[in-house]
$ cat upload.cif   # mmCIF, C-alpha atoms and all ligand atoms
data_entry
loop_
_atom_site.label_atom_id
_atom_site.label_comp_id
_atom_site.auth_asym_id
_atom_site.auth_seq_id
_atom_site.Cartn_x
_atom_site.Cartn_y
_atom_site.Cartn_z
CA MET A 1 63.63 60.10 -47.37
CA ILE A 2 64.73 58.82 -50.78
CA ILE A 3 66.94 55.76 -51.25
CA LEU A 4 67.74 54.34 -54.68
CA ASN A 5 69.81 51.22 -55.00
CA ALA A 6 71.22 50.05 -58.36
CA ILE A 7 68.34 51.33 -60.49
CA SER A 8 68.49 50.47 -64.18
CA LYS A 9 65.99 51.28 -66.91
CA SER A 10 65.97 50.81 -70.69
CA TYR A 11 63.52 51.90 -73.36
CA ASP A 12 63.51 49.66 -76.46
CA ASN A 13 66.83 48.11 -75.42
CA THR A 14 68.43 51.54 -75.06
CA PRO A 15 69.68 52.04 -71.50
CA VAL A 16 68.41 55.29 -70.00
CA LEU A 17 69.52 54.69 -66.41
CA LYS A 18 72.49 52.51 -65.53
CA ASN A 19 72.94 51.26 -62.00
CA VAL A 20 71.93 54.49 -60.26
CA SER A 21 72.22 54.63 -56.47
CA LEU A 22 71.61 57.67 -54.32
CA ARG A 23 70.30 58.74 -50.98
CA VAL A 24 68.61 61.95 -49.87
CA ASP A 25 68.22 62.46 -46.12
CA PRO A 26 65.79 64.62 -44.12
CA GLY A 27 66.68 68.31 -44.27
CA GLU A 28 68.78 67.91 -47.41
CA ARG A 29 68.52 70.13 -50.43
CA VAL A 30 69.87 68.56 -53.60
CA SER A 31 70.20 69.50 -57.27
CA LEU A 32 70.04 66.69 -59.80
CA LEU A 33 72.07 68.21 -62.62
CA GLY A 34 72.97 66.96 -66.07
CA PRO A 35 72.70 67.59 -69.79
CA GLY A 36 69.37 67.24 -71.63
CA GLY A 37 68.34 63.63 -72.10
CA CYS A 38 70.69 62.19 -69.44
CA GLY A 39 67.79 60.61 -67.55
CA LYS A 40 66.82 63.12 -64.84
CA SER A 41 63.07 63.11 -65.46
CA THR A 42 63.02 59.34 -65.80
CA LEU A 43 64.80 59.05 -62.46
CA LEU A 44 62.27 61.35 -60.77
CA LYS A 45 59.36 59.36 -62.24
CA ILE A 46 60.91 56.15 -60.93
CA ILE A 47 61.26 57.69 -57.45
CA LEU A 48 57.56 58.59 -57.55
CA GLY A 49 56.49 55.14 -58.72
CA LEU A 50 55.19 56.50 -62.04
CA VAL A 51 57.64 54.46 -64.11
CA PRO A 52 58.79 50.98 -63.04
CA PRO A 53 62.55 50.33 -63.13
CA ASP A 54 63.87 47.19 -64.86
CA SER A 55 65.91 46.41 -61.76
CA GLY A 56 66.94 47.94 -58.46
CA GLU A 57 65.24 49.15 -55.30
CA ILE A 58 63.47 52.40 -54.45
CA GLU A 59 62.46 53.60 -51.05
CA LEU A 60 60.43 56.80 -50.76
CA LEU A 61 59.44 57.87 -47.23
CA GLY A 62 59.94 54.28 -46.16
CA CYS A 63 57.72 52.83 -48.90
CA ASP A 64 59.10 50.28 -51.38
CA MET A 65 57.83 52.03 -54.53
CA ALA A 66 58.79 49.22 -56.93
CA HIS A 67 56.64 46.63 -55.17
CA ALA A 68 54.01 48.53 -53.19
CA SER A 69 50.30 48.30 -54.10
CA GLU A 70 48.73 51.21 -55.96
CA LYS A 71 47.04 52.21 -52.71
CA GLU A 72 50.30 52.29 -50.72
CA LYS A 73 52.02 54.22 -53.50
CA LEU A 74 49.21 56.77 -53.59
CA SER A 75 49.31 57.37 -49.87
CA THR A 76 53.10 57.86 -50.06
CA VAL A 77 52.97 60.17 -53.06
CA ARG A 78 50.38 62.29 -51.25
CA ARG A 79 53.11 63.22 -48.77
CA VAL A 80 55.33 64.40 -51.62
CA GLY A 81 55.10 67.74 -53.38
CA MET A 82 55.98 67.62 -57.06
CA ALA A 83 56.01 69.80 -60.10
CA PHE A 84 56.75 68.31 -63.48
CA GLN A 85 58.10 69.74 -66.69
CA GLN A 86 54.67 69.36 -68.30
CA GLY A 87 52.76 70.62 -65.26
CA GLY A 88 51.07 67.31 -64.42
CA LEU A 89 47.72 68.96 -63.73
CA PHE A 90 44.38 67.17 -63.65
CA ASP A 91 42.75 68.06 -66.98
CA PHE A 92 39.19 67.81 -65.68
CA MET A 93 39.78 70.32 -62.86
CA THR A 94 40.13 74.08 -63.09
CA VAL A 95 43.36 75.73 -61.94
CA GLU A 96 41.71 76.57 -58.61
CA GLU A 97 40.44 73.01 -58.16
CA ASN A 98 43.88 71.62 -58.92
CA LEU A 99 45.41 73.76 -56.18
CA LEU A 100 42.57 73.06 -53.73
CA PHE A 101 42.89 69.33 -54.32
CA ALA A 102 46.52 69.38 -53.20
CA MET A 103 45.83 71.56 -50.17
CA GLU A 104 42.80 69.56 -49.03
CA HIS A 105 44.80 66.36 -49.12
CA MET A 106 48.03 67.63 -47.67
CA THR A 107 47.28 70.48 -45.25
CA ASP A 108 44.75 71.34 -42.58
CA MET A 109 44.11 74.89 -43.83
CA SER A 110 40.65 76.43 -43.55
CA SER A 111 38.85 77.26 -46.80
CA GLU A 112 39.56 81.00 -46.27
CA GLU A 113 43.25 80.25 -45.81
CA MET A 114 43.27 78.07 -48.93
CA SER A 115 41.56 80.74 -50.97
CA ALA A 116 44.02 83.40 -49.81
CA LYS A 117 46.97 81.11 -50.52
CA ILE A 118 45.69 80.41 -54.05
CA GLU A 119 45.37 84.13 -54.69
CA GLN A 120 48.92 84.74 -53.42
CA LEU A 121 50.49 81.86 -55.36
CA LEU A 122 48.77 82.69 -58.65
CA LYS A 123 50.00 86.25 -58.30
CA ILE A 124 53.57 85.05 -57.76
CA VAL A 125 53.53 82.87 -60.87
CA LYS A 126 51.84 85.77 -62.69
CA LEU A 127 48.68 83.85 -63.53
CA GLY A 128 46.12 85.61 -61.37
CA ARG A 129 43.46 85.46 -64.05
CA THR A 130 43.57 81.72 -64.67
CA ARG A 131 41.80 80.66 -61.49
CA ARG A 132 38.71 79.35 -63.28
CA MET A 133 40.44 78.10 -66.43
CA PHE A 134 41.05 74.49 -67.38
CA PRO A 135 44.55 73.22 -68.24
CA HIS A 136 43.68 72.87 -71.95
CA GLU A 137 43.15 76.63 -72.06
CA LEU A 138 46.73 77.29 -70.89
CA SER A 139 50.06 77.26 -72.74
CA GLY A 140 52.76 74.76 -71.81
CA GLY A 141 54.70 77.34 -69.79
CA MET A 142 51.55 78.46 -67.98
CA LYS A 143 50.71 74.88 -67.02
CA ARG A 144 54.19 74.45 -65.60
CA ARG A 145 53.86 77.58 -63.49
CA ILE A 146 50.53 76.33 -62.14
CA GLY A 147 52.23 73.01 -61.36
CA ILE A 148 54.86 74.92 -59.38
CA ALA A 149 52.18 76.93 -57.57
CA ARG A 150 50.49 73.66 -56.65
CA ALA A 151 53.71 72.19 -55.27
CA LEU A 152 54.31 75.38 -53.27
CA ALA A 153 50.78 75.33 -51.86
CA THR A 154 51.64 72.64 -49.35
CA THR A 155 54.66 71.93 -47.15
CA PRO A 156 55.31 68.26 -47.83
CA GLN A 157 58.07 66.09 -46.34
CA VAL A 158 59.68 65.68 -49.75
CA SER A 159 59.40 68.15 -52.63
CA ILE A 160 60.50 67.27 -56.14
CA PHE A 161 60.71 69.83 -58.93
CA ASP A 162 61.59 68.98 -62.51
CA GLU A 163 63.13 71.97 -64.35
CA PRO A 164 61.22 74.47 -62.20
CA THR A 165 62.54 77.58 -63.91
CA SER A 166 63.46 76.69 -67.49
CA GLY A 167 61.82 79.02 -69.98
CA LEU A 168 60.74 81.50 -67.32
CA ASP A 169 61.98 85.08 -67.24
CA PRO A 170 64.88 85.72 -64.78
CA VAL A 171 62.76 87.62 -62.26
CA THR A 172 60.08 84.92 -62.04
CA SER A 173 62.81 82.26 -61.96
CA THR A 174 64.46 83.90 -58.97
CA ILE A 175 61.15 84.30 -57.13
CA ILE A 176 60.29 80.66 -57.74
CA LEU A 177 63.74 79.41 -56.70
CA ASN A 178 63.51 81.45 -53.49
CA MET A 179 60.07 80.06 -52.77
CA ILE A 180 61.26 76.51 -53.28
CA SER A 181 64.21 77.22 -50.97
CA GLU A 182 61.84 78.62 -48.36
CA LEU A 183 59.94 75.33 -48.34
CA GLY A 184 63.06 73.86 -46.76
CA GLY A 185 63.31 76.73 -44.30
CA GLU A 186 59.74 76.29 -43.04
CA ALA A 187 60.25 72.71 -41.99
CA GLN A 188 63.81 71.70 -41.17
CA ASP A 189 63.27 68.02 -41.89
CA ASN A 190 61.97 68.50 -45.43
CA ALA A 191 63.97 67.19 -48.33
CA LEU A 192 64.08 69.18 -51.57
CA LEU A 193 65.19 67.79 -54.91
CA ILE A 194 65.27 69.76 -58.14
CA ALA A 195 66.28 68.50 -61.57
CA THR A 196 67.91 71.01 -63.87
CA THR A 197 70.23 71.34 -66.85
CA SER A 198 71.46 74.69 -65.52
CA VAL A 199 74.69 74.75 -63.52
CA GLU A 200 73.84 78.21 -62.28
CA ILE A 201 70.40 77.19 -61.00
CA ALA A 202 71.88 74.09 -59.38
CA ILE A 203 74.58 75.97 -57.49
CA ARG A 204 72.26 78.77 -56.48
CA PHE A 205 69.80 76.22 -55.16
CA SER A 206 71.97 73.84 -53.21
CA GLU A 207 75.41 73.01 -51.91
CA ARG A 208 75.03 69.35 -52.88
CA ILE A 209 74.88 68.42 -56.54
CA ILE A 210 74.25 64.99 -57.99
CA LEU A 211 75.66 65.19 -61.50
CA MET A 212 74.39 62.78 -64.15
CA ASN A 213 75.62 61.99 -67.63
CA ALA A 214 74.18 59.43 -70.05
CA GLY A 215 72.14 57.60 -67.43
CA GLU A 216 74.84 57.43 -64.77
CA ILE A 217 75.71 59.42 -61.68
CA VAL A 218 79.18 60.80 -62.36
CA ALA A 219 79.60 62.93 -59.23
CA ASP A 220 77.78 63.55 -55.97
CA GLY A 221 78.85 66.11 -53.41
CA SER A 222 79.50 69.75 -52.70
CA TRP A 223 79.81 71.62 -56.00
CA LYS A 224 82.58 73.74 -54.51
CA LYS A 225 84.57 70.55 -54.14
CA LEU A 226 83.51 69.05 -57.48
CA ILE A 227 84.43 72.16 -59.48
CA ILE A 228 88.03 71.85 -58.20
CA GLU A 229 88.44 68.14 -57.56
CA GLY A 230 86.04 66.44 -59.99
CA ASP A 231 87.30 64.43 -62.97
CA ASP A 232 87.84 66.16 -66.32
CA TRP A 233 84.24 65.77 -67.51
CA VAL A 234 82.79 66.97 -64.19
CA ARG A 235 85.06 70.02 -63.99
CA HIS A 236 84.42 70.86 -67.61
CA PHE A 237 80.64 70.52 -67.32
CA LEU A 238 80.50 72.67 -64.19
CA SER A 239 82.96 75.31 -65.27
CA VAL A 240 82.24 75.85 -68.95
CA ARG A 241 78.83 77.27 -68.17
CA LEU A 242 80.26 79.73 -65.67
CA ILE A 243 83.09 81.12 -67.75
CA GLY A 244 82.61 84.69 -68.85
CA ILE A 245 80.17 85.72 -66.14
CA ASP A 246 80.85 88.98 -64.38
CA VAL A 247 83.45 88.59 -61.63
CA SER A 248 81.28 90.23 -58.97
CA TYR A 249 78.45 87.89 -59.90
CA ALA A 250 80.86 84.95 -59.72
CA ARG A 251 81.75 86.05 -56.18
CA GLU A 252 78.07 86.39 -55.31
CA LEU A 253 77.52 82.80 -56.38
CA GLY A 254 80.24 81.81 -53.92
CA LEU A 255 82.56 80.30 -56.51
CA PRO A 256 85.67 79.04 -54.72
CA ASP A 257 88.87 81.11 -54.83
CA PRO A 258 91.02 78.57 -56.72
CA PHE A 259 88.35 78.48 -59.45
CA LEU A 260 88.19 82.28 -59.60
CA ARG A 261 91.99 82.53 -59.82
CA GLN A 262 92.01 79.98 -62.62
CA HIS A 263 89.41 81.76 -64.76
CA TRP A 264 89.63 85.48 -64.03
CA SER A 265 92.73 87.62 -64.30
CA ALA A 266 94.46 88.84 -61.14
CA ASP A 267 93.63 92.50 -61.77
CA LEU A 268 89.91 91.72 -62.18
CA LEU A 269 90.01 89.84 -58.90
CA ALA A 270 92.00 92.52 -57.06
N1 LIG B 1 58.57 56.88 -72.33
C1 LIG B 1 59.72 56.83 -73.02
N2 LIG B 1 59.87 56.03 -74.09
C2 LIG B 1 61.04 55.96 -74.76
N3 LIG B 1 62.13 56.69 -74.44
C3 LIG B 1 62.04 57.53 -73.39
C4 LIG B 1 60.84 57.65 -72.63
N4 LIG B 1 61.05 58.55 -71.63
C5 LIG B 1 62.32 58.98 -71.79
N5 LIG B 1 62.92 58.36 -72.84
C6 LIG B 1 64.32 58.58 -73.27
O1 LIG B 1 65.14 58.48 -72.15
C7 LIG B 1 66.21 59.41 -72.19
C8 LIG B 1 66.20 60.24 -70.92
O2 LIG B 1 65.06 61.06 -70.91
P1 LIG B 1 64.71 62.01 -69.68
O3 LIG B 1 63.47 62.71 -70.00
O4 LIG B 1 64.77 61.22 -68.42
O5 LIG B 1 65.97 63.01 -69.71
P2 LIG B 1 66.19 64.38 -68.94
O6 LIG B 1 67.54 64.31 -68.33
O7 LIG B 1 65.04 64.68 -68.06
O8 LIG B 1 66.25 65.44 -70.15
P3 LIG B 1 65.82 67.00 -70.17
O9 LIG B 1 66.90 67.74 -69.45
O10 LIG B 1 65.79 67.32 -71.63
O11 LIG B 1 64.49 67.11 -69.50
C9 LIG B 1 66.00 60.23 -73.46
O12 LIG B 1 66.85 59.70 -74.44
C10 LIG B 1 64.56 59.97 -73.81
O13 LIG B 1 64.37 60.02 -75.19
MG MG B 2 63.70 66.18 -68.01
#
$ encode --input "upload.cif" --output "structure tokens"
Amino acid sequence: MIILNAISKSYDNTPVLKNVSLRVDPGERVSLLGPGGCGKSTLLKIILGLVPPDSGEIELLGCDMAHASEKEKLSTVRRVGMAFQQGGLFDFMTVEENLLFAMEHMTDMSSEEMSAKIEQLLKIVKLGRTRRMFPHELSGGMKRRIGIARALATTPQVSIFDEPTSGLDPVTSTIILNMISELGGEAQDNALLIATTSVEIAIRFSERIILMNAGEIVADGSWKKLIIEGDDWVRHFLSVRLIGIDVSYARELGLPDPFLRQHWSADLLA
């Protein structure tokens, strides 16, 4: 579904991505995790053909995104659901038109079904009253929620979400994460990729984590394995954000026993 081979990218001679290779297969659910500024959004934009890499190869749904014509790229990207940090809405369309546009191009729903779906999605992202508003009338956070609603309106082969829940309240975050997860449940072959700085979001969302630091992939695999067997930086990054959480919550997250024994006292675990 997604294959990157030795992707590098610099801005003004500053490397932002260094020799990044990864592969996401059908049915996989993956978190792209790493500290702010490590290159996650740039990587997603390269996958989608929005930013050209300096070197390396990209394949998205079989299309060579670094060399394809604009037309080929467009027809590939239409099979991909995406929600960006900034929302990525069309400014000249209302909220409703933005959602309709995605559904008309990517689903075969009737207009009644589309209208009902819009109603349902806007309610979920708590923006029921924005249907006829234009993006410039919305705050940054509102635009992002509409972007998420738009990505959830279709069931594409690949869905890519950049920081889907940052800045949202915990209840809305959980609802949105569950909805994204359900996208994978609806169609078994779908691939889901979310970028996040939050260890907790990443491990709640997926078993497999691709961990980035300073433009490089530093670990890729099951987080349960990485949190025990990763190198010092990997273990520190994954664990430091989980220390101090309630032990029952830690268990709910499915944190592995050796990690629990290392960080919580025996009587708390008993
Ligand atoms: N268009 C651009 N021009 C110059 N520098 C850029 C550009 N886009 C990104 N960068 C730089 O590339 C680096 C990686 O940015 P990127 O947005 O990919 O990080 P990120 O991991 O998504 O961060 P965050 O978690 O804060 O969203 C940053 O240092 C950023 O300043
Ligand atoms: Mg980003």
$ residues_near_ligand --input "upload.cif" --ligand "ligand LIG 1 (chain B)" --cutoff "6 Å" --atoms "only C-alpha atoms and all ligand atoms" --output "compact mmCIF listing (two decimals) with C-alpha atoms, keeping the file's coordinate frame"
# COMPACT_ATOMS: atom_id res chain seq x y z
CA TYR A 11 63.52 51.90 -73.36
CA VAL A 16 68.41 55.29 -70.00
CA PRO A 35 72.70 67.59 -69.79
CA GLY A 36 69.37 67.24 -71.63
CA GLY A 37 68.34 63.63 -72.10
CA CYS A 38 70.69 62.19 -69.44
CA GLY A 39 67.79 60.61 -67.55
CA LYS A 40 66.82 63.12 -64.84
CA SER A 41 63.07 63.11 -65.46
CA THR A 42 63.02 59.34 -65.80
CA THR A 197 70.23 71.34 -66.85
$ residues_around --input "upload.cif" --residues "Lys224 (chain A)" --least-positions-apart "5" --cutoff "9 Å" --atoms "all atoms listed in the file" --output "VMD selection string"
chain A and resid 203 207 to 208 229 254 to 256 259
$ write_last_selection --input "upload.cif" --atoms "C-alpha atoms" --output "PDB file, in the frame of the given file"
ATOM      1  CA  ILE A 203      74.580  75.970 -57.490  1.00  0.00           C
ATOM      2  CA  GLU A 207      75.410  73.010 -51.910  1.00  0.00           C
ATOM      3  CA  ARG A 208      75.030  69.350 -52.880  1.00  0.00           C
ATOM      4  CA  GLU A 229      88.440  68.140 -57.560  1.00  0.00           C
ATOM      5  CA  GLY A 254      80.240  81.810 -53.920  1.00  0.00           C
ATOM      6  CA  LEU A 255      82.560  80.300 -56.510  1.00  0.00           C
ATOM      7  CA  PRO A 256      85.670  79.040 -54.720  1.00  0.00           C
ATOM      8  CA  PHE A 259      88.350  78.480 -59.450  1.00  0.00           C
TER       9      PHE A 259
END
$ residues_near_point --input "upload.cif" --point "(58.5, 73.0, -45.2)" --cutoff "12 Å" --atoms "only C-alpha atoms" --output "MDAnalysis selection string"
chainID A and resid 26:29 79:81 107 151:159 179:192
$ residues_around --input "upload.cif" --residues "Ser55 (chain A)" --least-positions-apart "4" --cutoff "8 Å" --atoms "only C-alpha atoms" --output "list in words"
Ala6, Ile7, Ser8 and Lys9 of chain A
$ write_last_selection --input "upload.cif" --atoms "C-alpha atoms" --output "PDB file, in the frame of the given file"
ATOM      1  CA  ALA A   6      71.220  50.050 -58.360  1.00  0.00           C
ATOM      2  CA  ILE A   7      68.340  51.330 -60.490  1.00  0.00           C
ATOM      3  CA  SER A   8      68.490  50.470 -64.180  1.00  0.00           C
ATOM      4  CA  LYS A   9      65.990  51.280 -66.910  1.00  0.00           C
TER       5      LYS A   9
END
$ atom_distance --input "upload.cif" --atom1 "CA of Glu137 (chain A)" --atom2 "CA of Glu97 (chain A)"
14.6 Å
$ closest_residue --input "upload.cif" --among "A:Asp169, A:Asp54, A:Asp162, A:Asp267" --to "ligand MG 2 (chain B)" --atoms "all atoms listed in the file"
A:Asp162
$ axis_aligned_box --input "upload.cif" --around "region 173-177 of chain A" --padding-each-side "3 Å" --output "JSON"
{"center_x": 62.4, "center_y": 81.9, "center_z": -59.3, "size_x": 10.2, "size_y": 10.9, "size_z": 11.3}
$ residues_around --input "upload.cif" --residues "Ile148 (chain A)" --least-positions-apart "2" --cutoff "12 Å" --atoms "all atoms listed in the file" --output "PyMOL selection string"
chain A and resi 81-89+95+98-99+102+118+121-122+124-127+141-146+150-154+159-166+168+172-173+175-177+179-180+194
$ atom_distance --input "upload.cif" --atom1 "CA of Trp223 (chain A)" --atom2 "CA of Leu238 (chain A)"
8.3 Å
$ closest_residue --input "upload.cif" --among "A:Ser21, A:Glu216, A:Leu32, A:Met65" --to "Ala195 (chain A)" --atoms "all atoms listed in the file"
A:Leu32
$ residues_around --input "upload.cif" --residues "region 109-111 of chain A" --least-positions-apart "5" --cutoff "10 Å" --atoms "all atoms listed in the file" --output "number ranges by chain"
A: 100, 103-104, 116-117, 154
$ residues_near_point --input "upload.cif" --point "(62.4, 56.9, -52.9)" --cutoff "6 Å" --atoms "all atoms listed in the file" --output "list of chain:residue names"
A:Ile2, A:Ile3, A:Ile47, A:Ile58, A:Glu59, A:Leu60
$ write_last_selection --input "upload.cif" --atoms "C-alpha atoms" --output "PDB file, in the frame of the given file"
ATOM      1  CA  ILE A   2      64.730  58.820 -50.780  1.00  0.00           C
ATOM      2  CA  ILE A   3      66.940  55.760 -51.250  1.00  0.00           C
ATOM      3  CA  ILE A  47      61.260  57.690 -57.450  1.00  0.00           C
ATOM      4  CA  ILE A  58      63.470  52.400 -54.450  1.00  0.00           C
ATOM      5  CA  GLU A  59      62.460  53.600 -51.050  1.00  0.00           C
ATOM      6  CA  LEU A  60      60.430  56.800 -50.760  1.00  0.00           C
TER       7      LEU A  60
END
$ closest_residue --input "upload.cif" --among "A:Met212, A:Val20, A:Asn5, A:Thr174" --to "ligand MG 2 (chain B)" --atoms "only C-alpha atoms and all ligand atoms"
A:Met212
$ atom_distance --input "upload.cif" --atom1 "CA of Gly140 (chain A)" --atom2 "CA of Val30 (chain A)"
25.7 Å
$ residues_around --input "upload.cif" --residues "Phe237 (chain A)" --least-positions-apart "6" --cutoff "9 Å" --atoms "only C-alpha atoms" --output "list in words"
Gly34, Pro35, Val199 and Ile227 of chain A
$ closest_residue --input "upload.cif" --among "A:Leu253, A:Leu48, A:Leu43, A:Val234" --to "Ser206 (chain A)" --atoms "all atoms listed in the file"
A:Leu253
$ closest_residue --input "upload.cif" --among "A:Ser222, A:Met133, A:Phe101, A:Ser198" --to "ligand MG 2 (chain B)" --atoms "all atoms listed in the file"
A:Ser198
$ closest_residue --input "upload.cif" --among "A:Asn178, A:Leu193, A:His67, A:Leu242" --to "Arg23 (chain A)" --atoms "all atoms listed in the file"
A:Leu193
$ decode --input "upload.cif" --residues "region 111-119 of chain A" --atoms "all heavy atoms" --output "PDB file, in the first residue's frame"
ATOM      1  N   SER A 111     -27.707  10.688  -2.499  1.00  0.00           N
ATOM      2  CA  SER A 111     -27.606  11.998  -1.854  1.00  0.00           C
ATOM      3  C   SER A 111     -28.247  12.008  -0.468  1.00  0.00           C
ATOM      4  O   SER A 111     -27.788  12.718   0.419  1.00  0.00           O
ATOM      5  CB  SER A 111     -28.147  13.119  -2.749  1.00  0.00           C
ATOM      6  OG  SER A 111     -29.332  12.725  -3.327  1.00  0.00           O
ATOM      7  N   GLU A 112     -29.298  11.168  -0.269  1.00  0.00           N
ATOM      8  CA  GLU A 112     -29.895  11.083   1.087  1.00  0.00           C
ATOM      9  C   GLU A 112     -28.877  10.480   2.064  1.00  0.00           C
ATOM     10  O   GLU A 112     -28.735  10.956   3.188  1.00  0.00           O
ATOM     11  CB  GLU A 112     -31.167  10.217   1.100  1.00  0.00           C
ATOM     12  CG  GLU A 112     -32.367  10.792   0.377  1.00  0.00           C
ATOM     13  CD  GLU A 112     -32.251  10.681  -1.140  1.00  0.00           C
ATOM     14  OE1 GLU A 112     -31.601   9.719  -1.620  1.00  0.00           O
ATOM     15  OE2 GLU A 112     -32.776  11.558  -1.843  1.00  0.00           O
ATOM     16  N   GLU A 113     -28.211   9.432   1.608  1.00  0.00           N
ATOM     17  CA  GLU A 113     -27.218   8.792   2.487  1.00  0.00           C
ATOM     18  C   GLU A 113     -26.091   9.767   2.826  1.00  0.00           C
ATOM     19  O   GLU A 113     -25.639   9.836   3.963  1.00  0.00           O
ATOM     20  CB  GLU A 113     -26.616   7.547   1.803  1.00  0.00           C
ATOM     21  CG  GLU A 113     -27.541   6.349   1.799  1.00  0.00           C
ATOM     22  CD  GLU A 113     -27.038   5.223   0.883  1.00  0.00           C
ATOM     23  OE1 GLU A 113     -26.327   5.500  -0.105  1.00  0.00           O
ATOM     24  OE2 GLU A 113     -27.379   4.069   1.167  1.00  0.00           O
ATOM     25  N   MET A 114     -25.666  10.533   1.814  1.00  0.00           N
ATOM     26  CA  MET A 114     -24.573  11.491   2.061  1.00  0.00           C
ATOM     27  C   MET A 114     -25.017  12.552   3.065  1.00  0.00           C
ATOM     28  O   MET A 114     -24.282  12.908   3.976  1.00  0.00           O
ATOM     29  CB  MET A 114     -24.129  12.145   0.744  1.00  0.00           C
ATOM     30  CG  MET A 114     -23.374  11.183  -0.151  1.00  0.00           C
ATOM     31  SD  MET A 114     -22.482  11.991  -1.493  1.00  0.00           S
ATOM     32  CE  MET A 114     -23.746  12.145  -2.702  1.00  0.00           C
ATOM     33  N   SER A 115     -26.234  13.023   2.889  1.00  0.00           N
ATOM     34  CA  SER A 115     -26.725  14.062   3.788  1.00  0.00           C
ATOM     35  C   SER A 115     -26.817  13.549   5.228  1.00  0.00           C
ATOM     36  O   SER A 115     -26.423  14.246   6.175  1.00  0.00           O
ATOM     37  CB  SER A 115     -28.091  14.542   3.288  1.00  0.00           C
ATOM     38  OG  SER A 115     -28.512  15.616   4.074  1.00  0.00           O
ATOM     39  N   ALA A 116     -27.293  12.316   5.378  1.00  0.00           N
ATOM     40  CA  ALA A 116     -27.407  11.730   6.716  1.00  0.00           C
ATOM     41  C   ALA A 116     -26.018  11.526   7.331  1.00  0.00           C
ATOM     42  O   ALA A 116     -25.808  11.764   8.524  1.00  0.00           O
ATOM     43  CB  ALA A 116     -28.164  10.395   6.641  1.00  0.00           C
ATOM     44  N   LYS A 117     -25.082  11.090   6.509  1.00  0.00           N
ATOM     45  CA  LYS A 117     -23.715  10.858   6.985  1.00  0.00           C
ATOM     46  C   LYS A 117     -23.077  12.179   7.443  1.00  0.00           C
ATOM     47  O   LYS A 117     -22.398  12.231   8.472  1.00  0.00           O
ATOM     48  CB  LYS A 117     -22.895  10.224   5.853  1.00  0.00           C
ATOM     49  CG  LYS A 117     -21.506   9.806   6.249  1.00  0.00           C
ATOM     50  CD  LYS A 117     -21.468   8.365   6.698  1.00  0.00           C
ATOM     51  CE  LYS A 117     -20.112   7.981   7.236  1.00  0.00           C
ATOM     52  NZ  LYS A 117     -20.049   6.620   7.713  1.00  0.00           N
ATOM     53  N   ILE A 118     -23.311  13.246   6.675  1.00  0.00           N
ATOM     54  CA  ILE A 118     -22.754  14.554   7.048  1.00  0.00           C
ATOM     55  C   ILE A 118     -23.298  14.987   8.410  1.00  0.00           C
ATOM     56  O   ILE A 118     -22.560  15.417   9.297  1.00  0.00           O
ATOM     57  CB  ILE A 118     -23.070  15.616   5.963  1.00  0.00           C
ATOM     58  CG1 ILE A 118     -22.251  15.315   4.702  1.00  0.00           C
ATOM     59  CG2 ILE A 118     -22.776  17.030   6.467  1.00  0.00           C
ATOM     60  CD1 ILE A 118     -22.563  16.214   3.526  1.00  0.00           C
ATOM     61  N   GLU A 119     -24.595  14.822   8.555  1.00  0.00           N
ATOM     62  CA  GLU A 119     -25.256  15.166   9.824  1.00  0.00           C
ATOM     63  C   GLU A 119     -24.606  14.400  10.982  1.00  0.00           C
ATOM     64  O   GLU A 119     -24.233  14.973  12.008  1.00  0.00           O
ATOM     65  CB  GLU A 119     -26.735  14.768   9.691  1.00  0.00           C
ATOM     66  CG  GLU A 119     -27.585  15.067  10.894  1.00  0.00           C
ATOM     67  CD  GLU A 119     -28.350  16.367  10.711  1.00  0.00           C
ATOM     68  OE1 GLU A 119     -28.650  16.708   9.546  1.00  0.00           O
ATOM     69  OE2 GLU A 119     -28.623  17.029  11.731  1.00  0.00           O
TER      70      GLU A 119
END
